[in-house]
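Undergrad: Structure file query.txt, compact mmCIF, C-alpha atoms, is pasted below:
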# COMPACT_ATOMS: atom_id res chain seq x y z
CA MET A 263 34.59 -24.49 -0.46
CA ASN A 264 36.50 -21.23 -0.31
CA ILE A 265 35.39 -20.32 -3.82
CA VAL A 266 31.73 -20.98 -2.98
CA LYS A 267 32.01 -18.89 0.16
CA ARG A 268 33.68 -16.07 -1.72
CA ALA A 269 31.10 -16.19 -4.51
CA LEU A 270 28.28 -16.03 -1.95
CA THR A 271 29.93 -13.07 -0.22
CA ILE A 272 30.23 -11.21 -3.53
CA LEU A 273 26.61 -11.99 -4.38
CA VAL A 274 25.36 -10.75 -1.00
CA CYS A 275 27.46 -7.59 -1.30
CA LEU A 276 26.09 -6.89 -4.78
CA LEU A 277 22.52 -7.46 -3.59
CA LEU A 278 23.08 -5.00 -0.76
CA VAL A 279 23.10 -2.07 -3.20
CA PRO A 280 19.57 -2.54 -4.62
CA ALA A 281 18.34 -3.55 -1.16
CA ALA A 282 19.68 -0.29 0.25
CA ALA A 283 18.01 1.64 -2.57
CA VAL A 284 14.63 0.02 -1.85
CA ALA A 285 14.96 0.47 1.91
CA THR A 286 15.92 4.13 1.53
CA ALA A 287 13.02 4.81 -0.83
CA ALA A 288 10.60 3.10 1.58
CA VAL A 289 11.86 5.08 4.58
CA LYS A 290 11.81 8.35 2.62
CA GLN A 291 8.18 7.75 1.61
CA ARG A 292 7.19 7.45 5.27
CA PHE A 293 8.00 11.15 5.65
CA ALA A 294 6.08 12.18 2.53
CA ASP A 295 2.56 13.57 2.24
CA GLY A 296 0.91 10.31 1.28
CA PRO A 297 2.01 7.15 -0.53
CA ASN A 298 3.54 6.98 -3.98
CA ARG A 299 3.23 3.55 -5.60
CA VAL A 300 3.79 0.61 -3.27
CA PHE A 301 5.51 2.06 -0.22
CA SER A 302 3.42 3.42 2.65
CA GLY A 303 3.45 7.17 3.05
CA GLY A 304 3.08 9.55 5.92
CA PRO A 305 -0.08 11.36 7.00
CA LEU A 306 -2.24 12.97 4.29
CA VAL A 307 -1.63 16.67 4.84
CA SER A 308 -2.47 18.56 1.66
CA GLY A 309 -5.90 18.86 0.12
CA GLU A 310 -9.12 20.46 1.19
CA LEU A 311 -10.94 18.65 3.99
CA HIS A 312 -14.46 17.80 2.86
CA ALA A 313 -17.20 19.27 4.99
CA GLY A 314 -20.93 19.11 4.55
CA ALA A 315 -23.27 16.58 3.05
CA GLU A 316 -22.25 13.06 2.15
CA PRO A 317 -20.85 13.04 -1.41
CA ASP A 318 -22.34 11.09 -4.26
CA TRP A 319 -19.75 8.34 -4.23
CA ARG A 320 -20.57 7.07 -7.69
CA PHE A 321 -17.69 9.20 -8.98
CA VAL A 322 -15.18 6.70 -7.54
CA LYS A 323 -16.13 4.28 -10.31
CA ASP A 324 -13.76 6.28 -12.51
CA ILE A 325 -11.01 6.49 -9.89
CA PRO A 326 -8.47 3.62 -10.11
CA THR A 327 -6.89 4.07 -6.67
CA ILE A 328 -7.24 6.32 -3.64
CA GLU A 329 -4.91 7.29 -0.83
CA MET A 330 -6.00 6.13 2.62
CA GLN A 331 -4.48 6.98 5.96
CA LEU A 332 -5.33 5.51 9.32
CA LEU A 333 -5.15 7.73 12.37
CA ALA A 334 -3.45 5.02 14.40
CA PRO A 335 -0.82 4.52 13.12
CA PRO A 336 -0.73 7.63 10.89
CA THR A 337 0.57 5.94 7.76
CA SER A 338 -1.04 5.97 4.35
CA ARG A 339 -1.24 3.61 1.43
CA ARG A 340 -2.68 3.49 -2.08
CA ILE A 341 -5.63 1.14 -2.37
CA TRP A 342 -8.52 0.12 -4.58
CA VAL A 343 -11.99 1.44 -3.88
CA ALA A 344 -15.48 0.46 -4.94
CA GLU A 345 -18.89 2.03 -4.66
CA PHE A 346 -22.07 0.10 -4.06
CA ASP A 347 -25.51 1.40 -3.25
CA GLY A 348 -24.26 4.90 -2.41
CA LYS A 349 -21.52 3.75 -0.04
CA ILE A 350 -17.80 3.23 -0.58
CA TYR A 351 -15.79 0.19 0.34
CA VAL A 352 -12.12 -0.73 0.62
CA TRP A 353 -10.77 -4.22 1.07
CA SER A 354 -7.67 -6.30 1.46
CA GLY A 355 -7.04 -9.70 -0.03
CA TYR A 356 -4.65 -12.50 0.93
CA MET A 357 -5.68 -12.14 4.58
CA GLY A 358 -5.86 -15.90 5.05
CA SER A 359 -2.28 -16.44 4.00
CA THR A 360 0.86 -16.04 6.09
CA VAL A 361 2.37 -13.71 3.50
CA GLY A 362 -0.78 -11.60 3.53
CA GLN A 363 -0.82 -11.36 7.30
CA LEU A 364 2.78 -10.19 7.32
CA TRP A 365 2.39 -7.86 4.35
CA LYS A 366 -1.06 -6.38 5.04
CA ARG A 367 -1.15 -4.87 8.46
CA TRP A 368 -3.57 -2.01 7.87
CA PRO A 369 -6.73 -4.17 8.00
CA VAL A 370 -5.84 -5.39 11.50
CA GLN A 371 -4.99 -1.84 12.55
CA ALA A 372 -8.25 -0.56 11.03
CA GLU A 373 -10.25 -3.14 12.94
CA ARG A 374 -8.69 -1.84 16.17
CA ASP A 375 -9.25 1.83 15.31
CA GLY A 376 -11.24 2.50 12.17
CA ARG A 377 -10.68 6.25 11.98
CA ALA A 378 -9.28 7.04 8.56
CA VAL A 379 -8.69 9.85 6.11
CA MET A 380 -9.10 9.28 2.39
CA ARG A 381 -7.74 11.57 -0.26
CA ILE A 382 -9.55 11.34 -3.56
CA ASP A 383 -8.79 13.75 -6.39
CA GLY A 384 -7.04 16.07 -3.95
CA THR A 385 -9.92 16.25 -1.44
CA ARG A 386 -9.61 14.64 1.97
CA TYR A 387 -12.55 12.82 3.57
CA GLU A 388 -12.71 11.81 7.21
CA ARG A 389 -14.17 8.32 7.44
CA GLU A 390 -14.67 5.43 9.83
CA LEU A 391 -13.76 1.97 8.55
CA VAL A 392 -16.33 -0.61 9.58
CA ARG A 393 -15.56 -4.22 8.75
CA ILE A 394 -18.25 -6.29 7.04
CA GLU A 395 -17.69 -9.97 7.68
CA SER A 396 -20.88 -11.57 6.37
CA GLY A 397 -24.29 -10.99 4.90
CA PRO A 398 -26.02 -10.67 1.55
CA ILE A 399 -24.64 -7.16 1.04
CA LEU A 400 -21.30 -8.83 0.24
CA ASP A 401 -22.80 -10.16 -3.00
CA GLY A 402 -23.37 -6.60 -4.21
CA ILE A 403 -20.03 -5.31 -2.96
CA SER A 404 -18.18 -8.23 -4.59
CA ALA A 405 -19.98 -7.58 -7.87
CA ALA A 406 -18.95 -3.91 -7.70
CA ILE A 407 -15.35 -4.92 -7.00
CA THR A 408 -15.06 -7.56 -9.73
CA SER A 409 -16.72 -5.33 -12.32
CA LYS A 410 -14.07 -2.68 -11.67
CA TYR A 411 -10.91 -4.68 -10.97
CA PRO A 412 -9.38 -8.05 -11.91
CA SER A 413 -10.23 -9.41 -8.45
CA GLN A 414 -11.34 -12.82 -7.17
CA THR A 415 -13.27 -11.26 -4.28
CA SER A 416 -16.59 -12.93 -3.59
CA ARG A 417 -18.98 -13.26 -0.67
CA ALA A 418 -17.56 -16.74 0.10
CA VAL A 419 -13.98 -15.42 0.08
CA VAL A 420 -14.90 -12.59 2.47
CA GLU A 421 -16.92 -14.85 4.78
CA ALA A 422 -13.99 -17.27 4.88
CA GLY A 423 -11.76 -14.43 6.09
CA ASP A 424 -9.49 -14.46 3.04
CA ALA A 425 -10.51 -10.91 2.13
CA TRP A 426 -11.40 -8.21 4.62
CA VAL A 427 -13.97 -5.68 3.44
CA PHE A 428 -14.58 -2.35 5.14
CA GLU A 429 -17.26 0.22 4.58
CA ALA A 430 -15.74 3.70 4.70
CA ALA A 431 -18.62 5.16 6.67
CA PRO A 432 -19.01 8.77 7.79
CA ARG A 433 -17.01 9.51 10.94
CA ARG A 434 -19.15 9.26 14.10
CA MET B 112 38.84 -8.38 -1.97
CA LYS B 113 39.60 -5.28 0.06
CA LYS B 114 39.10 -3.06 -2.95
CA PHE B 115 35.84 -4.85 -3.73
CA TYR B 116 34.50 -4.23 -0.22
CA LEU B 117 35.54 -0.60 -0.46
CA GLY B 118 33.77 -0.30 -3.81
CA ILE B 119 30.61 -1.81 -2.35
CA ALA B 120 30.75 0.56 0.62
CA VAL B 121 31.10 3.57 -1.69
CA ALA B 122 28.29 2.29 -3.92
CA LEU B 123 26.06 1.83 -0.86
CA VAL B 124 26.67 5.37 0.39
CA LEU B 125 26.14 6.87 -3.07
CA THR B 126 22.96 4.85 -3.56
CA VAL B 127 21.47 5.93 -0.25
CA LEU B 128 22.36 9.59 -0.89
CA ALA B 129 21.00 9.50 -4.45
CA VAL B 130 17.69 7.92 -3.41
CA ALA B 131 17.35 10.25 -0.44
CA PHE B 132 18.25 13.53 -2.10
CA VAL B 133 18.18 13.39 -5.91
CA PRO B 134 14.67 14.15 -7.19
CA GLY B 135 13.07 11.30 -9.10
CA VAL B 136 15.48 8.56 -8.03
CA ASP B 137 13.18 7.36 -5.25
CA ASP B 138 10.31 7.13 -7.72
CA LEU B 139 12.46 5.18 -10.16
CA VAL B 140 13.47 2.73 -7.42
CA GLU B 141 9.83 2.30 -6.37
CA ARG B 142 8.71 1.77 -9.98
CA VAL B 143 11.33 -0.93 -10.58
CA PHE B 144 10.50 -2.56 -7.23
CA GLN B 145 6.80 -2.53 -8.16
CA GLN B 146 7.58 -4.25 -11.47
CA TYR B 147 9.55 -7.01 -9.73
CA VAL B 148 6.93 -7.51 -7.02
CA GLY B 149 4.15 -7.54 -9.62
CA ARG B 150 6.00 -10.11 -11.70
CA ALA B 151 6.64 -12.28 -8.64
CA ALA B 152 2.99 -12.10 -7.60
CA ARG B 153 1.77 -13.30 -11.00
For this file, write the structure as structure tokens.
TA:
Amino acid sequence: MNIVKRALTILVCLLLVPAAAVATAAVKQRFADGPNRVFSGGPLVSGELHAGAEPDWRFVKDIPTIEMQLLAPPTSRRIWVAEFDGKIYVWSGYMGSTVGQLWKRWPVQAERDGRAVMRIDGTRYERELVRIESGPILDGISAAITSKYPSQTSRAVVEAGDAWVFEAAPRR
Amino acid sequence: MKKFYLGIAVALVLTVLAVAFVPGVDDLVERVFQQYVGRAAR
């Protein structure tokens, strides 16, 4: 029994080192200007703030990921983006699962306060995230998503609440 | 065991300092973490 206990102690101690590395990297990223890979970043500070007419969002078809920050709380993450019918959309999957609800907090926060800043190719855009829960428009949005990414998103999945889709509309 | 605990404590401190202050180490940690998470998700 003593040997098992000792072996477990050694294992836990050895696992502490990589765990500390991951935790430190995650905390450090929170103070950075935007996200890096998977860890959330701080507020998006650098980059020109877009002013003027609504952009032609078709250019995001060639952009794999964008940086998105909510105003409350002011944290940022790297996410996928799709364009459909002149508007841009962001989404979050796994929302029906317990893991997803624990892991993905930004959709719930965005539903409370949709004000967001997106940084695409170094330019920041002030947007308002508006959730789309149902309707035929989801067919088009899902097609835009699945043609760009290896995603299972569909109108049925969104209407079932397993994926949350937001239009990144102009700020009111 | 005492020496082992001391070694772990030193390794922990060095790891935290390296990730926090040495350029590129945080990115390396994040990249490795991403690979493991990606593999686990598949």
Undergrad: Give me the residues near Val127 in chain B as JSON, numbers by chain, where near means some atom within 7 Å (using all atoms listed in the file) and where sequence neighbours in that chain fewer than 4 positions away do not count.
TA: {"A": [282, 283, 286], "B": [123, 131]}
Undergrad: Set the distance at 9 Å and use only C-alpha atoms: which residues neighbour Ala294 in chain A once local chain neighbours fewer than 5 positions away are removed? I'd like the list as a list in words.
TA: Gly303, Gly304, Pro305 and Leu306 of chain A
Undergrad: Using only C-alpha atoms, which of A:Val343, A:Val361, A:Leu332, A:Ile407 sits nearest chain B?
TA: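 Closest to chain B, using only C-alpha atoms: A:Val361.
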Undergrad: Taking 2 positions as the minimum chain separation for residues in the same chain, which residues sit within 8 Å of Val322 in chain A when counting all atoms listed in the file? Answer as a list in words.
TA: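 Residues meeting the cut-off are Trp319, Arg320, Asp324, Ile325, Pro326, Val343, Ala344 and Glu345 of chain A.
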Undergrad: Could you work out how far CA of Asn298 in chain A lies from CA of Gly358 in chain A, giving the answer in Å with one decimal?
TA: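 CA of Gly358 in chain A sits 26.3 Å away from CA of Asn298 in chain A.
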Undergrad: Would you kindly report the residues of chain A within 8 Å of chain B, using all atoms listed in the file, as a PyMOL selection string?
TA: chain A and resi 275-276+278-279+282-284+286-287+290+298-301
Undergrad: Please identify all polymer residues within 8 Å of range 416-425 of chain A, counting all atoms listed in the file, omitting same-chain residues fewer than 4 positions from it, and present them as an MDAnalysis selection string.
TA: chainID A and resid 353:359 395:396 398 400:401 404:405
Undergrad: State, in Å with one decimal place, the distance from CA of Arg434 in chain A to CA of Pro369 in chain A.
TA: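 So the answer is 19.3 Å.
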Undergrad: Rank A:His312, A:Trp342, A:Ala378, A:Val307 by their smallest atom-to-atom distance to Lys410 in chain A, using only C-alpha atoms, and report the top residue only.
TA: A:Trp342
Undergrad: Reconstruct range 338-355 of chain A at the level of N, CA and C atoms, and format the result as a PDB file, in the coordinates of the input.
TA:
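Saved file out14.pdb follows:
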ATOM      1  N   SER A 338      -0.088   6.009   5.457  1.00  0.00           N
ATOM      2  CA  SER A 338      -1.040   5.970   4.350  1.00  0.00           C
ATOM      3  C   SER A 338      -0.597   4.993   3.282  1.00  0.00           C
ATOM      4  N   ARG A 339      -1.549   4.523   2.521  1.00  0.00           N
ATOM      5  CA  ARG A 339      -1.240   3.610   1.430  1.00  0.00           C
ATOM      6  C   ARG A 339      -2.219   3.873   0.294  1.00  0.00           C
ATOM      7  N   ARG A 340      -1.834   3.357  -0.888  1.00  0.00           N
ATOM      8  CA  ARG A 340      -2.680   3.490  -2.080  1.00  0.00           C
ATOM      9  C   ARG A 340      -3.484   2.207  -2.221  1.00  0.00           C
ATOM     10  N   ILE A 341      -4.799   2.344  -2.308  1.00  0.00           N
ATOM     11  CA  ILE A 341      -5.630   1.140  -2.370  1.00  0.00           C
ATOM     12  C   ILE A 341      -6.754   1.290  -3.390  1.00  0.00           C
ATOM     13  N   TRP A 342      -7.358   0.141  -3.700  1.00  0.00           N
ATOM     14  CA  TRP A 342      -8.520   0.120  -4.580  1.00  0.00           C
ATOM     15  C   TRP A 342      -9.758   0.535  -3.797  1.00  0.00           C
ATOM     16  N   VAL A 343     -10.750   0.992  -4.513  1.00  0.00           N
ATOM     17  CA  VAL A 343     -11.990   1.440  -3.880  1.00  0.00           C
ATOM     18  C   VAL A 343     -13.163   1.083  -4.781  1.00  0.00           C
ATOM     19  N   ALA A 344     -14.283   0.760  -4.159  1.00  0.00           N
ATOM     20  CA  ALA A 344     -15.480   0.460  -4.940  1.00  0.00           C
ATOM     21  C   ALA A 344     -16.692   1.117  -4.302  1.00  0.00           C
ATOM     22  N   GLU A 345     -17.643   1.430  -5.145  1.00  0.00           N
ATOM     23  CA  GLU A 345     -18.890   2.030  -4.660  1.00  0.00           C
ATOM     24  C   GLU A 345     -20.022   1.041  -4.889  1.00  0.00           C
ATOM     25  N   PHE A 346     -20.884   0.936  -3.894  1.00  0.00           N
ATOM     26  CA  PHE A 346     -22.070   0.100  -4.060  1.00  0.00           C
ATOM     27  C   PHE A 346     -23.211   0.686  -3.245  1.00  0.00           C
ATOM     28  N   ASP A 347     -24.302   0.923  -3.910  1.00  0.00           N
ATOM     29  CA  ASP A 347     -25.510   1.400  -3.250  1.00  0.00           C
ATOM     30  C   ASP A 347     -25.257   2.703  -2.453  1.00  0.00           C
ATOM     31  N   GLY A 348     -24.476   3.599  -3.036  1.00  0.00           N
ATOM     32  CA  GLY A 348     -24.260   4.900  -2.410  1.00  0.00           C
ATOM     33  C   GLY A 348     -23.215   4.925  -1.309  1.00  0.00           C
ATOM     34  N   LYS A 349     -22.551   3.792  -1.077  1.00  0.00           N
ATOM     35  CA  LYS A 349     -21.520   3.750  -0.040  1.00  0.00           C
ATOM     36  C   LYS A 349     -20.197   3.307  -0.675  1.00  0.00           C
ATOM     37  N   ILE A 350     -19.084   3.665  -0.016  1.00  0.00           N
ATOM     38  CA  ILE A 350     -17.800   3.230  -0.580  1.00  0.00           C
ATOM     39  C   ILE A 350     -17.155   2.175   0.320  1.00  0.00           C
ATOM     40  N   TYR A 351     -16.396   1.334  -0.345  1.00  0.00           N
ATOM     41  CA  TYR A 351     -15.790   0.190   0.340  1.00  0.00           C
ATOM     42  C   TYR A 351     -14.315   0.055  -0.066  1.00  0.00           C
ATOM     43  N   VAL A 352     -13.515  -0.361   0.894  1.00  0.00           N
ATOM     44  CA  VAL A 352     -12.120  -0.730   0.620  1.00  0.00           C
ATOM     45  C   VAL A 352     -11.943  -2.149   1.144  1.00  0.00           C
ATOM     46  N   TRP A 353     -10.930  -2.828   0.675  1.00  0.00           N
ATOM     47  CA  TRP A 353     -10.770  -4.220   1.070  1.00  0.00           C
ATOM     48  C   TRP A 353      -9.309  -4.633   0.957  1.00  0.00           C
ATOM     49  N   SER A 354      -9.019  -5.752   1.519  1.00  0.00           N
ATOM     50  CA  SER A 354      -7.670  -6.300   1.460  1.00  0.00           C
ATOM     51  C   SER A 354      -7.749  -7.798   1.254  1.00  0.00           C
ATOM     52  N   GLY A 355      -7.049  -8.274   0.251  1.00  0.00           N
ATOM     53  CA  GLY A 355      -7.040  -9.700  -0.030  1.00  0.00           C
ATOM     54  C   GLY A 355      -5.878 -10.395   0.668  1.00  0.00           C
TER      55      GLY A 355
END
